[in-house]
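As structure tokens, the structure follows; a few thoughts come after it.
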Amino acid sequence: MDEAVKFHFVVDGNDFTSAGQASVQIKKNLRQLGIAPEIIRKVSIAMYEGEINMVIHAGGGEADVLIYENRIEIILTDNGPGIANIDLAMQEGFSTAPDNIRSLGFGAGMGLPNMKRYTDAMQIDSTFGKGTRISMTVNL
Amino acid sequence: MKIAQIKELLDAEIVCGEDMLEREVYSACGSDMMSDVLAYVKDQAVLLTGLVNTQVVRTAVMMDMVCIVFVRSKVPTEEMVELARESGLVLMKSRKRMYEACGKLYSHGLNENGNCYG
Ligand SMILES: Nc1ncnc2c1ncn2[C@@H]1O[C@H](COP(=O)(O)OP(=O)(O)OP(=O)(O)O)[C@@H](O)[C@H]1O
Ligand SMILES: [Mg+2]
């Protein structure tokens, strides 16, 4: 395995206002590393959606970003309630978000489909009642 | 379309980014649902929204947008303004409602590659 540049973030689940800070930071980091703007945009949108999901649906979690020579990997892990039906959750428009979240601008059921759209590979491992791990890859 | 023209058309007031009014905008989208916005990446876009919270600015930052218009005279918070300044985003507020604001921009040519929805 080639050596990776790594970034680690703790995503606070109690503060909706600060959700997305890790994604803003990773955007800066990738820019400093000289990664192409279209790649940065894909990575940051996918991570942002995942970060918001961890805050809204899972009480927070952790994010790791690994930059290899030929790809960027984003790994999001949480100890939230898990996703009961992953196929259903992946459908555009499916959301269990309550009304108060919708009034904050989220809960359209577009986050997971967006994460898939902007990445080259995505895998969801979720145990109902235990937590969720989502790994995404963007090729360079 | 220049940001200055958007300001004119929408009779808007600049909240921050006065020095960037000459920048070009190529597309627009209007929505209060951030994941809907995040689904359609366009270059140098303007976001029209009636939603006011930090995530609106973060969403625009993630998308490399250049400008956010708050419709119905919504006022962004200080934290939002700070984040926008840091990221080089223009913020403005207009008294117009979403439908009219989108219609104005669309009918003045911000439609070629843009999608104005919501
Ligand atoms: N980390 C997670 N832990 C538990 N459930 C999740 C998690 N991420 C997503 N889900 C579930 O999958 C559903 C679909 O997620 P998705 O991100 O597509 O939509 P949303 O978050 O509800 O709305 P949007 O992303 O459009 O704001 C969520 O409503 C939720 O039930
Ligand atoms: Mg989501």
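Just so we're on the same page: first chain in the structure tokens is A, next is B, and so on; residues restart at 1 for each chain, and ligands are numbered from 1 in the order they show up.
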Contact residues (chain A, partner chain B, 12 Å, only C-alpha atoms) as JSON, numbers by chain: {"A": [15, 16, 17, 18, 19, 20, 21, 22, 23, 24, 25, 26, 27, 28, 37, 38, 39, 40, 41, 42, 43, 44, 45, 46, 47, 48, 49, 50, 51, 52, 53, 92, 93, 95, 101, 102, 103, 104, 105, 106, 107, 108, 109, 110, 111, 112, 113, 114, 115, 116, 117, 118]}
Would you mind reading off the distance between CA of Lys42 in chain B and CA of Glu69 in chain A, one decimal, in Å? 27.3 Å
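Pairwise distance (atom 26 (O, counted along the ligand's line) of ligand 1, CA of Val138 in chain A) equals 21.0 Å.
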Determine which residues of range 21-62 of chain A DSSP labels as helix (DSSP H, G or I) from the backbone of this structure, then write them out as a ChimeraX atom specification. /A:21-32,37-58
Mind writing the picked residues with C-alpha atoms as a PDB file, in the first residue's frame?
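The resulting result24.pdb:
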```pdb
ATOM      1  CA  GLN A  21     -16.832  22.481   9.691  1.00  0.00           C
ATOM      2  CA  ALA A  22     -14.761  19.397   8.935  1.00  0.00           C
ATOM      3  CA  SER A  23     -15.756  19.612   5.278  1.00  0.00           C
ATOM      4  CA  VAL A  24     -14.839  23.295   5.113  1.00  0.00           C
ATOM      5  CA  GLN A  25     -11.468  22.391   6.625  1.00  0.00           C
ATOM      6  CA  ILE A  26     -10.826  19.496   4.245  1.00  0.00           C
ATOM      7  CA  LYS A  27     -11.565  21.806   1.342  1.00  0.00           C
ATOM      8  CA  LYS A  28      -8.781  24.104   2.539  1.00  0.00           C
ATOM      9  CA  ASN A  29      -6.400  21.188   3.094  1.00  0.00           C
ATOM     10  CA  LEU A  30      -6.984  19.760  -0.378  1.00  0.00           C
ATOM     11  CA  ARG A  31      -6.461  23.174  -1.913  1.00  0.00           C
ATOM     12  CA  GLN A  32      -3.129  23.458  -0.114  1.00  0.00           C
ATOM     13  CA  PRO A  37     -10.898  22.108  -8.037  1.00  0.00           C
ATOM     14  CA  GLU A  38     -13.455  19.648  -9.534  1.00  0.00           C
ATOM     15  CA  ILE A  39     -12.038  16.879  -7.339  1.00  0.00           C
ATOM     16  CA  ILE A  40     -12.101  19.116  -4.279  1.00  0.00           C
ATOM     17  CA  ARG A  41     -15.722  19.973  -4.969  1.00  0.00           C
ATOM     18  CA  LYS A  42     -16.734  16.319  -5.248  1.00  0.00           C
ATOM     19  CA  VAL A  43     -14.916  15.326  -2.069  1.00  0.00           C
ATOM     20  CA  SER A  44     -16.207  18.231  -0.044  1.00  0.00           C
ATOM     21  CA  ILE A  45     -19.843  17.881  -1.130  1.00  0.00           C
ATOM     22  CA  ALA A  46     -19.844  14.134  -0.417  1.00  0.00           C
ATOM     23  CA  MET A  47     -18.188  14.633   2.953  1.00  0.00           C
ATOM     24  CA  TYR A  48     -20.474  17.532   3.836  1.00  0.00           C
ATOM     25  CA  GLU A  49     -23.594  15.442   3.182  1.00  0.00           C
ATOM     26  CA  GLY A  50     -22.134  12.640   5.291  1.00  0.00           C
ATOM     27  CA  GLU A  51     -21.178  15.018   8.056  1.00  0.00           C
ATOM     28  CA  ILE A  52     -24.668  16.549   8.167  1.00  0.00           C
ATOM     29  CA  ASN A  53     -26.171  13.054   8.225  1.00  0.00           C
ATOM     30  CA  MET A  54     -24.039  12.075  11.225  1.00  0.00           C
ATOM     31  CA  VAL A  55     -25.220  15.171  13.088  1.00  0.00           C
ATOM     32  CA  ILE A  56     -28.888  14.878  12.133  1.00  0.00           C
ATOM     33  CA  HIS A  57     -29.360  11.123  12.266  1.00  0.00           C
ATOM     34  CA  ALA A  58     -26.588   9.673  14.423  1.00  0.00           C
TER      35      ALA A  58
END
```
Go through chain A and collect every residue that DSSP, computed from the backbone, puts in strand (DSSP E); the answer should be as a VMD selection string. chain A and resid 5 to 12 60 to 67 71 to 78 121 to 127 131 to 139
Convert the current residue selection to file output with N, CA, C and O atoms, as a compact mmCIF listing (two decimals), in the first residue's frame.
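Saved as again_29.txt:
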```txt
# COMPACT_ATOMS: atom_id res chain seq x y z
N VAL A 5 -1.66 10.64 2.95
CA VAL A 5 -1.77 11.82 3.81
C VAL A 5 -3.11 11.69 4.50
O VAL A 5 -4.13 11.42 3.87
N LYS A 6 -3.12 11.83 5.84
CA LYS A 6 -4.36 11.56 6.58
C LYS A 6 -4.86 12.77 7.35
O LYS A 6 -4.07 13.53 7.91
N PHE A 7 -6.18 12.91 7.38
CA PHE A 7 -6.81 13.93 8.21
C PHE A 7 -7.91 13.27 9.02
O PHE A 7 -8.62 12.40 8.52
N HIS A 8 -8.01 13.67 10.28
CA HIS A 8 -9.03 13.08 11.15
C HIS A 8 -9.86 14.18 11.80
O HIS A 8 -9.32 15.19 12.23
N PHE A 9 -11.16 13.97 11.86
CA PHE A 9 -12.05 14.98 12.45
C PHE A 9 -13.07 14.31 13.36
O PHE A 9 -13.57 13.23 13.07
N VAL A 10 -13.37 14.98 14.47
CA VAL A 10 -14.47 14.55 15.32
C VAL A 10 -15.65 15.45 14.98
O VAL A 10 -15.51 16.68 14.94
N VAL A 11 -16.80 14.85 14.69
CA VAL A 11 -17.98 15.62 14.32
C VAL A 11 -18.95 15.67 15.49
O VAL A 11 -19.52 14.65 15.89
N ASP A 12 -19.11 16.86 16.04
CA ASP A 12 -19.95 17.08 17.21
C ASP A 12 -21.43 16.90 16.86
O ASP A 12 -21.94 17.55 15.95
N GLY A 60 -23.67 12.55 15.87
CA GLY A 60 -22.25 12.84 15.66
C GLY A 60 -21.45 11.60 15.29
O GLY A 60 -22.00 10.51 15.18
N GLY A 61 -20.15 11.80 15.08
CA GLY A 61 -19.31 10.68 14.67
C GLY A 61 -17.90 11.14 14.36
O GLY A 61 -17.46 12.17 14.88
N GLU A 62 -17.23 10.39 13.50
CA GLU A 62 -15.86 10.75 13.14
C GLU A 62 -15.68 10.67 11.63
O GLU A 62 -16.33 9.88 10.96
N ALA A 63 -14.77 11.50 11.14
CA ALA A 63 -14.49 11.50 9.71
C ALA A 63 -12.99 11.37 9.48
O ALA A 63 -12.21 12.03 10.15
N ASP A 64 -12.62 10.49 8.58
CA ASP A 64 -11.22 10.34 8.19
C ASP A 64 -11.11 10.55 6.69
O ASP A 64 -11.91 10.02 5.94
N VAL A 65 -10.11 11.30 6.32
CA VAL A 65 -9.87 11.50 4.88
C VAL A 65 -8.44 11.06 4.60
O VAL A 65 -7.50 11.49 5.28
N LEU A 66 -8.28 10.15 3.66
CA LEU A 66 -6.97 9.61 3.31
C LEU A 66 -6.68 9.94 1.85
O LEU A 66 -7.47 9.62 0.97
N ILE A 67 -5.56 10.59 1.64
CA ILE A 67 -5.21 10.99 0.29
C ILE A 67 -4.05 10.14 -0.22
O ILE A 67 -2.95 10.21 0.32
N ARG A 71 -6.08 8.30 -5.46
CA ARG A 71 -7.46 8.42 -5.01
C ARG A 71 -7.55 9.10 -3.65
O ARG A 71 -6.56 9.20 -2.92
N ILE A 72 -8.75 9.57 -3.33
CA ILE A 72 -9.02 10.11 -2.00
C ILE A 72 -10.12 9.26 -1.38
O ILE A 72 -11.13 8.97 -2.02
N GLU A 73 -9.89 8.82 -0.14
CA GLU A 73 -10.91 8.05 0.56
C GLU A 73 -11.47 8.84 1.72
O GLU A 73 -10.74 9.49 2.46
N ILE A 74 -12.80 8.78 1.85
CA ILE A 74 -13.48 9.46 2.96
C ILE A 74 -14.19 8.37 3.76
O ILE A 74 -14.97 7.60 3.21
N ILE A 75 -13.89 8.31 5.04
CA ILE A 75 -14.51 7.29 5.87
C ILE A 75 -15.24 7.95 7.03
O ILE A 75 -14.65 8.72 7.80
N LEU A 76 -16.55 7.69 7.11
CA LEU A 76 -17.38 8.30 8.14
C LEU A 76 -17.91 7.21 9.05
O LEU A 76 -18.52 6.25 8.59
N THR A 77 -17.64 7.34 10.34
CA THR A 77 -18.14 6.32 11.25
C THR A 77 -18.93 6.95 12.39
O THR A 77 -18.56 8.00 12.91
N ASP A 78 -20.03 6.31 12.75
CA ASP A 78 -20.81 6.80 13.89
C ASP A 78 -21.37 5.63 14.68
O ASP A 78 -21.40 4.50 14.22
N ALA A 121 -16.83 5.43 -5.85
CA ALA A 121 -17.26 4.20 -5.18
C ALA A 121 -17.77 4.58 -3.80
O ALA A 121 -17.27 5.51 -3.17
N MET A 122 -18.79 3.85 -3.36
CA MET A 122 -19.33 4.13 -2.03
C MET A 122 -19.84 2.84 -1.42
O MET A 122 -20.50 2.05 -2.08
N GLN A 123 -19.47 2.64 -0.16
CA GLN A 123 -19.95 1.44 0.53
C GLN A 123 -20.52 1.82 1.88
O GLN A 123 -19.91 2.56 2.65
N ILE A 124 -21.72 1.29 2.17
CA ILE A 124 -22.35 1.56 3.46
C ILE A 124 -22.39 0.27 4.26
O ILE A 124 -22.90 -0.75 3.79
N ASP A 125 -21.83 0.28 5.44
CA ASP A 125 -21.97 -0.84 6.37
C ASP A 125 -22.70 -0.31 7.58
O ASP A 125 -22.23 0.62 8.23
N SER A 126 -23.86 -0.89 7.85
CA SER A 126 -24.64 -0.37 8.95
C SER A 126 -25.28 -1.50 9.73
O SER A 126 -25.78 -2.46 9.15
N THR A 127 -25.20 -1.41 11.04
CA THR A 127 -25.87 -2.39 11.89
C THR A 127 -26.95 -1.65 12.64
O THR A 127 -26.66 -0.69 13.36
N GLY A 131 -24.68 1.33 14.65
CA GLY A 131 -23.94 2.41 14.01
C GLY A 131 -23.75 2.19 12.52
O GLY A 131 -24.18 1.19 11.97
N THR A 132 -23.08 3.16 11.92
CA THR A 132 -22.93 3.16 10.47
C THR A 132 -21.50 3.53 10.09
O THR A 132 -20.87 4.37 10.74
N ARG A 133 -21.00 2.88 9.05
CA ARG A 133 -19.69 3.23 8.50
C ARG A 133 -19.87 3.39 7.01
O ARG A 133 -20.33 2.47 6.32
N ILE A 134 -19.53 4.56 6.52
CA ILE A 134 -19.65 4.82 5.08
C ILE A 134 -18.27 5.15 4.54
O ILE A 134 -17.58 6.02 5.07
N SER A 135 -17.85 4.41 3.52
CA SER A 135 -16.58 4.78 2.90
C SER A 135 -16.82 5.15 1.44
O SER A 135 -17.60 4.51 0.74
N MET A 136 -16.17 6.21 1.05
CA MET A 136 -16.34 6.73 -0.30
C MET A 136 -14.96 6.95 -0.92
O MET A 136 -14.03 7.34 -0.22
N THR A 137 -14.87 6.72 -2.22
CA THR A 137 -13.60 6.93 -2.93
C THR A 137 -13.80 7.85 -4.13
O THR A 137 -14.75 7.68 -4.89
N VAL A 138 -12.91 8.82 -4.24
CA VAL A 138 -12.89 9.67 -5.42
C VAL A 138 -11.54 9.45 -6.09
O VAL A 138 -10.49 9.63 -5.47
N ASN A 139 -11.57 9.02 -7.34
CA ASN A 139 -10.31 8.75 -8.05
C ASN A 139 -9.65 10.04 -8.51
O ASN A 139 -10.32 11.01 -8.88
```
